[in-house]
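Here the structure comes first, spelled out in structure tokens, and everything after it is commentary.
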Amino acid sequence: MRVNDGTDRGAAEAEAVQISLDEMGTPLSEGTFVVVDLETTGGRAGAAAITEIGAVKVRGGEVLGEFSSLVDPEMPIPPSITLLTGITQAMVATAPPIGAVLPAFLEFAGLDQGPPDTVLVAHNAPFDIGFLKAACAAQGRRWPSPRTADTLPLARRLLNREEVRDHKLGTLARFFGVTDRPSHRALQDARATVGVLHGLFERLGPIGVHSVEELLTFRTAPTAAQRGKRHLADGVPDAPGVYLFTDARGETLYVGKSNRLRRRVRSYFTAAETRSRVREMIGLVEGVTPIVCATGLEAEVREIRLISERKPPYNRRSRNAERTVWLTLTSDAHPRLSRVTRVRDDGAPYLGPFPSVRQAELAREAILEAFPLRRCTHRFSPARPVPACVLADLGRCGAPCEGRESPEEYAVHARAAAAAMTGDPSPVIEAVRAAIGSLAAQQRYEEAAVRRDRLTAFLRGAARAQRLGALSAIPQLVAACPAEAEPGAWEVHAVRHGRLAGSALMRRGADPQAFVAALTAAAETVPPGPGPAPRATAAEMECVLQWLDRPGVRLVELDRPWTCPADGAERHRDLTDWARAPMADDL
């Protein structure tokens with residue numbers, strides 16, 4: 001085993017690269033690349049084994065170190081492989097096994113602990129990485145999942161068939177005039193791949209790929225519109241906030257957010273941005289308007305509000321945040337479950353909001369599984385009865401419409417349904433699970449799955465309403481957490497009835513009491529209102545709740561208890577997939 005890991009980078013790295021490149025990420029000249037090549041006994045990881053590992057670590061065009069070792073594959077080497085590589089059984093007989101070589105390679109590559117900063121490079125990377133992952137698995141090691149670059153597809157994108165007849169490593173090495181030619185020995189092939197990689201880098205510069213991040217996401221060259229409009233990001237500050245892309249008439253095309261506005265906006269005008277919808281939008285963009293925010297949470301909330309207000313054509317998410325679907329009990333003498341789009345100040349229980357009409361309907365069916373509420377919309381009274389429907393004969397309704405059930409008897413069902421919607425959902429859970437068990441016993445699995453989906457929709461809607469309702473009931477909540485971007489500073493937010501009313505960054509040395517007093521004095525006045533989300537959209541309140549759930553957040557002021565029902569819907573997370581993914585940008 002031979003390792004040469006030099007640390008003298010030379011004068012080439014004495015100076016930093018241009019600020020504009022740094023803002024885009026790590027410049028290619030500052031990225032650390034470990035170029036690896038393997039020789040094996042066959043072509044399929046698991047069935048074959050590694051016979052040799054070679055790697056070269058480079059940065060800024062300079063070789064920082066090399067790694068080379070034969071490996072005892074602990075299996076016969078086929079004659080065809082020996083003929084191809086020149087590696088014989090005798091050569092590996094005294095070589096260390098992969099259990100000894102792999103840790104040394106991972107240490108050399110910087111992949112032995114923590115998130116790797118290096119980029120692993122190979123020609124036809126799935127082959128080499130597949131064998132390395134299999135070797136890790138065989139030793140009970142976790143594969144470190146480093147960032148990877150593959151010179152084979154990169155060459156296919158940058159060199160056409162008029163320039164090279166194929167994209168084999170040997171062909172590319174000859175095309176770029178690489179001194180080290182591949183020979184089916186690991187270190188020699190890794191050296192050749194380094195030369196090819198640097199040749200490809202020279203092709204990337206003219207098309208606007210200058211950083212490691214752009215390299216890793218490169219699929220096609222940036223369009224002429226992307227290259228020609230990079231200047232639009234020049235005046236954007238490097239701070240958290242919201243950005244608006246506008247067209248020639250000043251109309252908003254897209255609204256986004258970022259903790260580093262300039263870096264994010266610049267990325268739209270590079271090869272890293274390959275989505276066709278975004279590239280189409282960039283062709284229409286004539287201006288960028290940044291809105292600097294004190295904190296990341298303020299930026300998230302402003303983004304939601306601006307999208308809802310302006311409805312930009314290139315935003316999909318939150319464009320119609322005000323269009324919500326709720327489930328409620330009507331307030332007449334014989335309440336029934338009704339799907340509504342607006343919360344009224346009627347004292348009725350509300351469930352949701354739901355992401356779709358279908359989810360609301362599923363939740364309604366779950367409730368009706370437990371309580372014999374009427375489904376009809378007839379108007380009736382003891383003096384004016386109407387004939388009962390088939391649900392009464394099936395025992396699914398007490399038929400108050402024709403007088404079989406008195407208003408007082410029916411009210412018992414309505415109160416129980418309201419209690420399950422706003423508090424303990426156990427009656428619904430028990431009824432639906434009993435139905436699921438019965439259907440499963442009859443091997444009616446598709447019908448059982450429908451009942452499962454109904455229960456999931458109900459529990460999600462109930463938990464969301466209870467969670468939002470608990471926050472909106474608080475007239476004022478002030479919370480703070482350490483600022484990630486500025487050591488010693490604190491992000492402070494004032495939330496009133498679920499609405500973000502004020503945000504500020506308290507820097508080191510400030511008087512906390514005076515700072516909070518000033519923040520709350522200047523915060524937006526928010527009156528109370530009906531329902532779980534009276535003064536903010538559910539999307540905004542979910543952002544606030546996610547921030548409040550973050551580690552390190554501290555409650556500074558709270559003018560009334562913040563509680564959810566102890567026996568509420570969130571107690572039953574095990575009955576549904578409660579994974580709440582972060583709201584991703586759609587562009």
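Letters for chains follow the order of the structure tokens (A, B, ...), residue numbers begin at 1 for each chain, and ligand numbers begin at 1 in the order shown.
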Just the residues within 9 Å of Ala489 (chain A), please, counting only C-alpha atoms, with nothing from its chain fewer than 4 positions along; format it as a VMD selection string. chain A and resid 481 to 485 505 to 509
Could those residues be written to a file, using C-alpha atoms, as a PDB file, in the first residue's frame?
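Result file follows (part.pdb):
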ATOM      1  CA  CYS A 481     -33.685  31.379  19.096  1.00  0.00           C
ATOM      2  CA  PRO A 482     -29.960  31.785  18.355  1.00  0.00           C
ATOM      3  CA  ALA A 483     -29.274  33.137  14.869  1.00  0.00           C
ATOM      4  CA  GLU A 484     -27.333  30.670  12.750  1.00  0.00           C
ATOM      5  CA  ALA A 485     -25.795  33.280  10.478  1.00  0.00           C
ATOM      6  CA  LEU A 505     -32.563  40.319  14.996  1.00  0.00           C
ATOM      7  CA  MET A 506     -31.233  41.101  18.461  1.00  0.00           C
ATOM      8  CA  ARG A 507     -27.464  41.459  18.272  1.00  0.00           C
ATOM      9  CA  ARG A 508     -24.951  40.804  20.981  1.00  0.00           C
ATOM     10  CA  GLY A 509     -24.942  43.428  23.738  1.00  0.00           C
TER      11      GLY A 509
END
Selection: 8 Å around Gly256 (chain A), only C-alpha atoms, excl. self and same-chain fewer than 4 positions, as a PyMOL selection string: chain A and resi 242-244+303+585
Deliver the residues from the most recent selection as a file, using all heavy atoms, as a PDB file, in the first residue's frame.
ATOM      1  N   VAL A 242     -36.812  37.928   0.615  1.00  0.00           N
ATOM      2  CA  VAL A 242     -37.682  37.469  -0.471  1.00  0.00           C
ATOM      3  C   VAL A 242     -37.246  38.167  -1.746  1.00  0.00           C
ATOM      4  O   VAL A 242     -36.814  39.319  -1.721  1.00  0.00           O
ATOM      5  CB  VAL A 242     -39.159  37.799  -0.151  1.00  0.00           C
ATOM      6  CG1 VAL A 242     -40.069  37.383  -1.283  1.00  0.00           C
ATOM      7  CG2 VAL A 242     -39.586  37.119   1.145  1.00  0.00           C
ATOM      8  N   TYR A 243     -37.346  37.473  -2.872  1.00  0.00           N
ATOM      9  CA  TYR A 243     -37.022  38.083  -4.159  1.00  0.00           C
ATOM     10  C   TYR A 243     -38.202  37.906  -5.105  1.00  0.00           C
ATOM     11  O   TYR A 243     -38.901  36.893  -5.074  1.00  0.00           O
ATOM     12  CB  TYR A 243     -35.751  37.478  -4.768  1.00  0.00           C
ATOM     13  CG  TYR A 243     -35.781  35.974  -4.906  1.00  0.00           C
ATOM     14  CD1 TYR A 243     -36.232  35.367  -6.072  1.00  0.00           C
ATOM     15  CD2 TYR A 243     -35.360  35.163  -3.862  1.00  0.00           C
ATOM     16  CE1 TYR A 243     -36.265  33.993  -6.194  1.00  0.00           C
ATOM     17  CE2 TYR A 243     -35.395  33.779  -3.977  1.00  0.00           C
ATOM     18  CZ  TYR A 243     -35.837  33.206  -5.142  1.00  0.00           C
ATOM     19  OH  TYR A 243     -35.875  31.832  -5.273  1.00  0.00           O
ATOM     20  N   LEU A 244     -38.420  38.913  -5.943  1.00  0.00           N
ATOM     21  CA  LEU A 244     -39.509  38.892  -6.916  1.00  0.00           C
ATOM     22  C   LEU A 244     -38.920  39.067  -8.305  1.00  0.00           C
ATOM     23  O   LEU A 244     -38.197  40.040  -8.567  1.00  0.00           O
ATOM     24  CB  LEU A 244     -40.513  40.009  -6.658  1.00  0.00           C
ATOM     25  CG  LEU A 244     -41.364  39.952  -5.383  1.00  0.00           C
ATOM     26  CD1 LEU A 244     -40.572  40.453  -4.179  1.00  0.00           C
ATOM     27  CD2 LEU A 244     -42.614  40.796  -5.546  1.00  0.00           C
ATOM     28  N   GLU A 303     -43.011  35.432   1.834  1.00  0.00           N
ATOM     29  CA  GLU A 303     -43.156  34.722   0.560  1.00  0.00           C
ATOM     30  C   GLU A 303     -44.583  34.206   0.405  1.00  0.00           C
ATOM     31  O   GLU A 303     -45.212  34.376  -0.643  1.00  0.00           O
ATOM     32  CB  GLU A 303     -42.164  33.573   0.494  1.00  0.00           C
ATOM     33  CG  GLU A 303     -42.275  32.767  -0.798  1.00  0.00           C
ATOM     34  CD  GLU A 303     -41.600  31.430  -0.714  1.00  0.00           C
ATOM     35  OE1 GLU A 303     -41.583  30.832   0.395  1.00  0.00           O
ATOM     36  OE2 GLU A 303     -41.114  30.950  -1.748  1.00  0.00           O
ATOM     37  N   ASP A 585     -39.674  24.732  -2.495  1.00  0.00           N
ATOM     38  CA  ASP A 585     -39.915  25.668  -3.566  1.00  0.00           C
ATOM     39  C   ASP A 585     -40.264  24.892  -4.821  1.00  0.00           C
ATOM     40  O   ASP A 585     -39.674  23.862  -5.106  1.00  0.00           O
ATOM     41  CB  ASP A 585     -38.624  26.462  -3.819  1.00  0.00           C
ATOM     42  CG  ASP A 585     -38.903  27.927  -4.044  1.00  0.00           C
ATOM     43  OD1 ASP A 585     -40.092  28.271  -4.127  1.00  0.00           O
ATOM     44  OD2 ASP A 585     -37.951  28.703  -4.137  1.00  0.00           O
TER      45      ASP A 585
END
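Across A:Leu120, A:Leu362, A:Ala100, A:Val495, the tightest approach to Cys136 (chain A) is made by A:Ala100 when counting only C-alpha atoms.
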Determine which residues of region 301-509 of chain A receive a DSSP assignment of strand (DSSP E or B), computed from the backbone, and state them as a PyMOL selection string. chain A and resi 325-329+337-340+350-354+381+384+477-482+490-496+499-506
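Proximity to Phe131 (chain A) at 10 Å, evaluated using only C-alpha atoms and with sequence-adjacent residues fewer than 2 positions away removed, yields Leu38, Glu39, Thr40, Gly43, Arg44, Ala45, Gly46, Ala47, Ala48, Ala49, Ile50, Pro126, Phe127, Asp128, Ile129, Lys133, Ala134, Ala135, Cys136 and Ala137 of chain A.
Take CA of Leu555 (chain A) and CA of Arg467 (chain A): the distance between them is 17.1 Å.
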Can you tell me which residues surround Arg174 (chain A) at a distance of at most 12 Å, considering only C-alpha atoms, apart from same-chain residues fewer than 2 positions away, and format the answer as a list in words? Glu163, Val164, Arg165, Asp166, His167, Lys168, Leu169, Gly170, Thr171, Leu172, Phe176, Gly177, Val178, Thr179, Asp180, Arg181, Pro182, Ala192, Thr193, Gly195, Val196 and Gly199 of chain A
Give me a file of those residues, with N, CA and C atoms, as a tab-separated table (two decimals), in the first residue's frame.
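And here's selection.tsv as it stands now:
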chain	number	residue	atom	x	y	z
A	163	GLU	N	-16.11	15.44	-32.46
A	163	GLU	CA	-14.83	15.67	-31.80
A	163	GLU	C	-14.18	14.36	-31.37
A	164	VAL	N	-14.97	13.43	-30.83
A	164	VAL	CA	-14.45	12.13	-30.40
A	164	VAL	C	-15.38	11.05	-30.90
A	165	ARG	N	-14.81	9.90	-31.27
A	165	ARG	CA	-15.64	8.82	-31.82
A	165	ARG	C	-16.43	8.11	-30.73
A	166	ASP	N	-15.91	8.13	-29.49
A	166	ASP	CA	-16.62	7.57	-28.34
A	166	ASP	C	-16.14	8.31	-27.10
A	167	HIS	N	-16.64	7.91	-25.94
A	167	HIS	CA	-16.29	8.62	-24.71
A	167	HIS	C	-15.59	7.69	-23.72
A	168	LYS	N	-14.83	6.72	-24.26
A	168	LYS	CA	-14.03	5.87	-23.41
A	168	LYS	C	-12.88	6.69	-22.81
A	169	LEU	N	-12.37	6.21	-21.69
A	169	LEU	CA	-11.32	6.97	-20.99
A	169	LEU	C	-10.10	7.15	-21.87
A	170	GLY	N	-9.70	6.10	-22.59
A	170	GLY	CA	-8.53	6.21	-23.46
A	170	GLY	C	-8.73	7.23	-24.57
A	171	THR	N	-9.92	7.24	-25.17
A	171	THR	CA	-10.22	8.19	-26.24
A	171	THR	C	-10.16	9.62	-25.70
A	172	LEU	N	-10.73	9.85	-24.55
A	172	LEU	CA	-10.74	11.19	-23.98
A	172	LEU	C	-9.33	11.63	-23.58
A	176	PHE	N	-7.57	15.06	-25.05
A	176	PHE	CA	-7.10	16.17	-24.22
A	176	PHE	C	-5.58	16.21	-24.08
A	177	GLY	N	-4.90	15.27	-24.70
A	177	GLY	CA	-3.44	15.26	-24.63
A	177	GLY	C	-2.92	14.95	-23.25
A	178	VAL	N	-3.58	14.04	-22.56
A	178	VAL	CA	-3.17	13.68	-21.20
A	178	VAL	C	-1.92	12.83	-21.26
A	179	THR	N	-0.94	13.17	-20.44
A	179	THR	CA	0.33	12.43	-20.43
A	179	THR	C	0.14	11.00	-19.94
A	180	ASP	N	-0.64	10.85	-18.85
A	180	ASP	CA	-0.88	9.52	-18.29
A	180	ASP	C	-2.02	8.86	-19.06
A	181	ARG	N	-1.69	7.78	-19.77
A	181	ARG	CA	-2.71	7.07	-20.54
A	181	ARG	C	-3.24	5.88	-19.75
A	182	PRO	N	-4.52	5.58	-19.85
A	182	PRO	CA	-5.09	4.45	-19.10
A	182	PRO	C	-4.50	3.12	-19.55
A	192	ALA	N	-5.06	9.27	-15.37
A	192	ALA	CA	-5.61	9.65	-16.67
A	192	ALA	C	-6.95	10.36	-16.49
A	193	THR	N	-7.76	9.89	-15.54
A	193	THR	CA	-9.06	10.53	-15.30
A	193	THR	C	-8.88	11.95	-14.77
A	195	GLY	N	-6.51	14.00	-15.68
A	195	GLY	CA	-6.25	14.82	-16.86
A	195	GLY	C	-7.52	15.09	-17.65
A	196	VAL	N	-8.36	14.08	-17.79
A	196	VAL	CA	-9.63	14.26	-18.49
A	196	VAL	C	-10.52	15.24	-17.74
A	199	GLY	N	-9.43	18.68	-18.38
A	199	GLY	CA	-9.80	19.06	-19.73
A	199	GLY	C	-11.28	19.44	-19.84
Would you give me, as a PyMOL selection string, the residues in region 80-128 of chain A that DSSP reads as helix (DSSP H, G or I)? chain A and resi 80-85+89-93+98-109+125-128
Kindly save the residues from that selection, with N, CA, C and O atoms included, as a JSON list (two decimals), in the first residue's frame.
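Produced file part-v9.json, reproduced below:
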[["chain", "number", "residue", "atom", "x", "y", "z"],
["A", 80, "SER", "N", -9.38, -13.98, -18.13],
["A", 80, "SER", "CA", -9.67, -12.83, -18.98],
["A", 80, "SER", "C", -9.37, -11.53, -18.27],
["A", 80, "SER", "O", -8.93, -10.55, -18.90],
["A", 81, "ILE", "N", -9.59, -11.48, -16.95],
["A", 81, "ILE", "CA", -9.29, -10.27, -16.18],
["A", 81, "ILE", "C", -7.78, -10.09, -16.07],
["A", 81, "ILE", "O", -7.26, -8.98, -16.19],
["A", 82, "THR", "N", -7.07, -11.18, -15.85],
["A", 82, "THR", "CA", -5.60, -11.11, -15.80],
["A", 82, "THR", "C", -5.05, -10.61, -17.12],
["A", 82, "THR", "O", -4.12, -9.78, -17.16],
["A", 83, "LEU", "N", -5.61, -11.12, -18.23],
["A", 83, "LEU", "CA", -5.17, -10.68, -19.55],
["A", 83, "LEU", "C", -5.42, -9.20, -19.75],
["A", 83, "LEU", "O", -4.61, -8.49, -20.36],
["A", 84, "LEU", "N", -6.55, -8.68, -19.22],
["A", 84, "LEU", "CA", -6.91, -7.27, -19.39],
["A", 84, "LEU", "C", -6.08, -6.36, -18.51],
["A", 84, "LEU", "O", -5.58, -5.32, -18.96],
["A", 85, "THR", "N", -5.91, -6.73, -17.23],
["A", 85, "THR", "CA", -5.27, -5.83, -16.26],
["A", 85, "THR", "C", -3.81, -6.16, -15.99],
["A", 85, "THR", "O", -3.06, -5.30, -15.50],
["A", 89, "GLN", "N", -2.91, -13.87, -9.87],
["A", 89, "GLN", "CA", -3.23, -14.39, -8.55],
["A", 89, "GLN", "C", -2.02, -14.27, -7.63],
["A", 89, "GLN", "O", -2.16, -14.01, -6.43],
["A", 90, "ALA", "N", -0.83, -14.44, -8.20],
["A", 90, "ALA", "CA", 0.38, -14.35, -7.38],
["A", 90, "ALA", "C", 0.59, -12.93, -6.86],
["A", 90, "ALA", "O", 1.08, -12.74, -5.75],
["A", 91, "MET", "N", 0.21, -11.93, -7.65],
["A", 91, "MET", "CA", 0.41, -10.54, -7.24],
["A", 91, "MET", "C", -0.45, -10.18, -6.04],
["A", 91, "MET", "O", -0.06, -9.37, -5.19],
["A", 92, "VAL", "N", -1.65, -10.74, -5.94],
["A", 92, "VAL", "CA", -2.55, -10.38, -4.85],
["A", 92, "VAL", "C", -2.47, -11.36, -3.68],
["A", 92, "VAL", "O", -3.12, -11.14, -2.65],
["A", 93, "ALA", "N", -1.66, -12.40, -3.82],
["A", 93, "ALA", "CA", -1.59, -13.43, -2.77],
["A", 93, "ALA", "C", -1.10, -12.85, -1.46],
["A", 93, "ALA", "O", -1.53, -13.27, -0.39],
["A", 98, "ILE", "N", -9.59, -6.46, 1.59],
["A", 98, "ILE", "CA", -10.33, -5.21, 1.48],
["A", 98, "ILE", "C", -10.65, -4.63, 2.86],
["A", 98, "ILE", "O", -10.73, -3.41, 3.04],
["A", 99, "GLY", "N", -10.77, -5.49, 3.87],
["A", 99, "GLY", "CA", -11.04, -5.02, 5.22],
["A", 99, "GLY", "C", -9.95, -4.14, 5.77],
["A", 99, "GLY", "O", -10.20, -3.30, 6.65],
["A", 100, "ALA", "N", -8.72, -4.30, 5.28],
["A", 100, "ALA", "CA", -7.61, -3.46, 5.71],
["A", 100, "ALA", "C", -7.40, -2.28, 4.78],
["A", 100, "ALA", "O", -6.98, -1.20, 5.22],
["A", 101, "VAL", "N", -7.70, -2.44, 3.50],
["A", 101, "VAL", "CA", -7.44, -1.38, 2.53],
["A", 101, "VAL", "C", -8.54, -0.32, 2.55],
["A", 101, "VAL", "O", -8.25, 0.89, 2.44],
["A", 102, "LEU", "N", -9.78, -0.75, 2.71],
["A", 102, "LEU", "CA", -10.89, 0.20, 2.62],
["A", 102, "LEU", "C", -10.80, 1.33, 3.66],
["A", 102, "LEU", "O", -10.97, 2.50, 3.30],
["A", 103, "PRO", "N", -10.55, 1.04, 4.95],
["A", 103, "PRO", "CA", -10.44, 2.15, 5.91],
["A", 103, "PRO", "C", -9.34, 3.14, 5.54],
["A", 103, "PRO", "O", -9.50, 4.35, 5.72],
["A", 104, "ALA", "N", -8.21, 2.62, 5.02],
["A", 104, "ALA", "CA", -7.12, 3.52, 4.64],
["A", 104, "ALA", "C", -7.53, 4.41, 3.47],
["A", 104, "ALA", "O", -7.21, 5.60, 3.43],
["A", 105, "PHE", "N", -8.26, 3.82, 2.50],
["A", 105, "PHE", "CA", -8.72, 4.63, 1.37],
["A", 105, "PHE", "C", -9.71, 5.69, 1.82],
["A", 105, "PHE", "O", -9.63, 6.85, 1.41],
["A", 106, "LEU", "N", -10.67, 5.31, 2.68],
["A", 106, "LEU", "CA", -11.66, 6.28, 3.14],
["A", 106, "LEU", "C", -11.00, 7.42, 3.90],
["A", 106, "LEU", "O", -11.40, 8.58, 3.79],
["A", 107, "GLU", "N", -9.98, 7.10, 4.69],
["A", 107, "GLU", "CA", -9.25, 8.16, 5.40],
["A", 107, "GLU", "C", -8.52, 9.07, 4.43],
["A", 107, "GLU", "O", -8.55, 10.29, 4.57],
["A", 108, "PHE", "N", -7.88, 8.49, 3.43],
["A", 108, "PHE", "CA", -7.18, 9.29, 2.42],
["A", 108, "PHE", "C", -8.15, 10.22, 1.70],
["A", 108, "PHE", "O", -7.85, 11.39, 1.46],
["A", 109, "ALA", "N", -9.33, 9.71, 1.38],
["A", 109, "ALA", "CA", -10.31, 10.49, 0.62],
["A", 109, "ALA", "C", -11.09, 11.47, 1.49],
["A", 109, "ALA", "O", -11.86, 12.28, 0.97],
["A", 125, "ALA", "N", -18.82, 6.31, -12.87],
["A", 125, "ALA", "CA", -18.81, 6.26, -11.41],
["A", 125, "ALA", "C", -19.69, 5.18, -10.80],
["A", 125, "ALA", "O", -19.32, 4.60, -9.78],
["A", 126, "PRO", "N", -20.87, 4.85, -11.35],
["A", 126, "PRO", "CA", -21.69, 3.81, -10.72],
["A", 126, "PRO", "C", -20.96, 2.48, -10.54],
["A", 126, "PRO", "O", -21.21, 1.77, -9.57],
["A", 127, "PHE", "N", -20.04, 2.16, -11.45],
["A", 127, "PHE", "CA", -19.28, 0.92, -11.33],
["A", 127, "PHE", "C", -18.39, 0.95, -10.09],
["A", 127, "PHE", "O", -18.47, 0.08, -9.22],
["A", 128, "ASP", "N", -17.54, 1.97, -9.99],
["A", 128, "ASP", "CA", -16.59, 2.04, -8.87],
["A", 128, "ASP", "C", -17.32, 2.24, -7.53],
["A", 128, "ASP", "O", -16.98, 1.60, -6.53]]
Considering only C-alpha atoms, state which residue in the set A:Thr330, A:Thr26, A:Thr148, A:Thr88 is at the smallest distance from Glu214 (chain A). A:Thr26
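Straight-line separation from CA of Ser276 (chain A) to CA of Phe245 (chain A): 16.3 Å.
Proximity of A:Leu154, A:Val492, A:Leu187, A:Ala431 to Lys57 (chain A), computed with only C-alpha atoms, is greatest for A:Leu187.
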Can you pull out every residue within 12 Å of Glu300 (chain A), counting only C-alpha atoms, but drop anything in the same chain fewer than 5 positions away, and send it as JSON, numbers by chain? {"A": [240, 241, 242, 243, 255, 256, 257, 258, 259, 291, 292, 293, 294, 295, 305, 306, 307, 318, 500, 503, 539, 540, 541, 542, 543, 544, 546, 547, 582, 583, 584, 585]}
Could the residues in this selection be saved with C-alpha atoms as a compact mmCIF listing (two decimals), in the first residue's frame?
# COMPACT_ATOMS: atom_id res chain seq x y z
CA PRO A 240 -32.14 36.70 4.17
CA GLY A 241 -35.29 37.80 2.45
CA VAL A 242 -37.68 37.47 -0.47
CA TYR A 243 -37.02 38.08 -4.16
CA VAL A 255 -41.68 34.98 -5.73
CA GLY A 256 -39.05 33.06 -3.78
CA LYS A 257 -37.15 33.21 -0.53
CA SER A 258 -33.61 32.52 0.61
CA ASN A 259 -31.29 33.03 3.55
CA ILE A 291 -37.01 42.43 0.08
CA VAL A 292 -34.54 42.04 2.94
CA CYS A 293 -36.00 40.38 6.05
CA ALA A 294 -34.68 40.28 9.58
CA THR A 295 -34.98 36.50 9.86
CA ARG A 305 -48.28 36.35 1.70
CA LEU A 306 -46.84 37.77 -1.52
CA ILE A 307 -47.66 34.65 -3.52
CA SER A 318 -49.53 28.96 -2.01
CA LEU A 500 -46.45 36.71 12.58
CA SER A 503 -39.58 40.03 13.57
CA ALA A 539 -49.69 27.74 5.57
CA GLU A 540 -48.31 30.76 7.46
CA MET A 541 -49.27 29.29 10.82
CA GLU A 542 -47.62 25.99 9.94
CA CYS A 543 -44.39 27.91 9.17
CA VAL A 544 -44.59 29.57 12.57
CA GLN A 546 -42.34 24.56 12.54
CA TRP A 547 -40.07 27.38 13.68
CA PRO A 582 -40.63 21.09 4.53
CA MET A 583 -42.52 23.16 2.05
CA ALA A 584 -40.29 23.03 -0.98
CA ASP A 585 -39.91 25.67 -3.57
Would you kindly return, as a PyMOL selection string, each protein, DNA or RNA residue with an atom no farther than 8 Å from any atom of Ala463 (chain A), considering only C-alpha atoms and excluding same-chain residues fewer than 5 positions away? chain A and resi 568-570
Keeping only N, CA, C and O atoms, write those residues as an mmCIF file, in the first residue's frame.
data_model
loop_
_atom_site.group_PDB
_atom_site.id
_atom_site.type_symbol
_atom_site.label_atom_id
_atom_site.label_comp_id
_atom_site.auth_asym_id
_atom_site.auth_seq_id
_atom_site.Cartn_x
_atom_site.Cartn_y
_atom_site.Cartn_z
ATOM 1 N N GLY A 568 -56.004 14.525 22.435
ATOM 2 C CA GLY A 568 -56.353 14.953 21.086
ATOM 3 C C GLY A 568 -55.788 14.059 19.992
ATOM 4 O O GLY A 568 -55.189 13.000 20.239
ATOM 5 N N ALA A 569 -55.952 14.520 18.752
ATOM 6 C CA ALA A 569 -55.596 13.696 17.585
ATOM 7 C C ALA A 569 -54.101 13.458 17.467
ATOM 8 O O ALA A 569 -53.678 12.416 16.958
ATOM 9 N N GLU A 570 -53.282 14.405 17.938
ATOM 10 C CA GLU A 570 -51.835 14.214 17.786
ATOM 11 C C GLU A 570 -51.319 13.075 18.646
ATOM 12 O O GLU A 570 -50.196 12.605 18.436
#
Surrounding residues of Leu575 (chain A) excluding itself and chain neighbours under 4 positions, 12 Å, only C-alpha atoms, as a ChimeraX atom specification: /A:425-426,429-430,432-433,452-460,569-571,579
